[in-house]
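Okay, so here's the structure we're looking at.
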Amino acid sequence: MTDRIRYLTVVLEADIRTDDIESTVEAIKHIRGVASVELGKPVDMTDRLARDHARREIREQVIAILYPENKP
């Protein structure tokens, strides 16, 4: 017996304006088996800060791996 999936989460690669995402939402609604599509919450400053913080941490880790002699 195989597992069944009730929902999917889709993450966009960049923030998109609500009026620009309408055609994508409509296209997803037309996929067979899709019952509903809901827009996520609007991006706020907290989201931007969290992404920038994560980006900085990853950058620092990559630099530490590539250039171990520069560790403090």
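Following the order of the structure tokens, first chain is A, next is B, and so on, with residues numbered from 1 inside each chain and ligands from 1 in the order they appear.
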Residue neighbourhood Leu8 of chain A, 12 Å, only C-alpha atoms, exclusion window fewer than 6 positions, as a ChimeraX atom specification
/A:28,33-38
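Nearest to Leu39 of chain A of all the residues A:Pro68, A:Asp52, A:Arg4, A:Thr24 is A:Thr24, based on only C-alpha atoms.
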Report as a PyMOL selection string all protein, DNA and RNA residues lying within 12 Å of segment 18-23 of chain A, evaluated on only C-alpha atoms, omitting residues in the same chain fewer than 6 positions from it.
chain A and resi 12+29-30+37-43
Would you write out those residues with N, CA and C atoms, as a PDB file, in the first residue's frame?
```pdb
ATOM      1  N   LEU A  12       8.250  29.982  -3.932  1.00  0.00           N
ATOM      2  CA  LEU A  12       8.711  30.720  -5.106  1.00  0.00           C
ATOM      3  C   LEU A  12      10.177  31.094  -4.943  1.00  0.00           C
ATOM      4  N   LYS A  29      -4.533  26.036 -10.419  1.00  0.00           N
ATOM      5  CA  LYS A  29      -5.922  25.619 -10.182  1.00  0.00           C
ATOM      6  C   LYS A  29      -6.408  24.665 -11.268  1.00  0.00           C
ATOM      7  N   HIS A  30      -5.835  24.752 -12.475  1.00  0.00           N
ATOM      8  CA  HIS A  30      -6.271  23.907 -13.584  1.00  0.00           C
ATOM      9  C   HIS A  30      -5.577  22.551 -13.628  1.00  0.00           C
ATOM     10  N   VAL A  37      -6.209  26.724  -4.218  1.00  0.00           N
ATOM     11  CA  VAL A  37      -4.904  27.386  -4.183  1.00  0.00           C
ATOM     12  C   VAL A  37      -5.080  28.643  -3.345  1.00  0.00           C
ATOM     13  N   GLU A  38      -4.202  28.834  -2.372  1.00  0.00           N
ATOM     14  CA  GLU A  38      -4.271  30.012  -1.524  1.00  0.00           C
ATOM     15  C   GLU A  38      -2.941  30.747  -1.576  1.00  0.00           C
ATOM     16  N   LEU A  39      -3.012  32.064  -1.594  1.00  0.00           N
ATOM     17  CA  LEU A  39      -1.793  32.863  -1.544  1.00  0.00           C
ATOM     18  C   LEU A  39      -1.264  32.867  -0.120  1.00  0.00           C
ATOM     19  N   GLY A  40       0.054  32.875   0.005  1.00  0.00           N
ATOM     20  CA  GLY A  40       0.669  32.967   1.319  1.00  0.00           C
ATOM     21  C   GLY A  40       0.584  34.392   1.846  1.00  0.00           C
ATOM     22  N   LYS A  41       1.166  34.589   3.010  1.00  0.00           N
ATOM     23  CA  LYS A  41       1.139  35.926   3.606  1.00  0.00           C
ATOM     24  C   LYS A  41       2.093  36.848   2.855  1.00  0.00           C
ATOM     25  N   PRO A  42       1.778  38.125   2.835  1.00  0.00           N
ATOM     26  CA  PRO A  42       2.674  39.080   2.173  1.00  0.00           C
ATOM     27  C   PRO A  42       4.038  39.122   2.870  1.00  0.00           C
ATOM     28  N   VAL A  43       5.066  39.426   2.104  1.00  0.00           N
ATOM     29  CA  VAL A  43       6.415  39.530   2.641  1.00  0.00           C
ATOM     30  C   VAL A  43       6.495  40.783   3.501  1.00  0.00           C
TER      31      VAL A  43
END
```
Could you tell me how far atom CA of Ala64 of chain A lies from atom CA of Ala50 of chain A, in Å and to one decimal?
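Separating atom CA of Ala64 of chain A from atom CA of Ala50 of chain A is a distance of 21.2 Å.
Taking atom CA of Glu69 of chain A and atom CA of His53 of chain A as endpoints, the distance between them is 23.9 Å.
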Going by DSSP on the backbone, which bits of chain A are helix (DSSP H, G or I)? Write them as a count of residues only, please.
37
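Residue nearest Asp44 of chain A within the list A:Met1, A:Ile65, A:Arg56, A:Asp15: A:Asp15 [criterion: smallest interatomic distance, only C-alpha atoms].
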d(atom CA of Ile16 of chain A, atom CA of Gln61 of chain A) in Å
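Atom-to-atom, atom CA of Ile16 of chain A and atom CA of Gln61 of chain A are spaced 28.9 Å apart.
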Option closest in space to Ala14 of chain A, from A:Ala27, A:Arg32, A:Arg48, A:Ile63 [counting only C-alpha atoms]:
A:Arg48
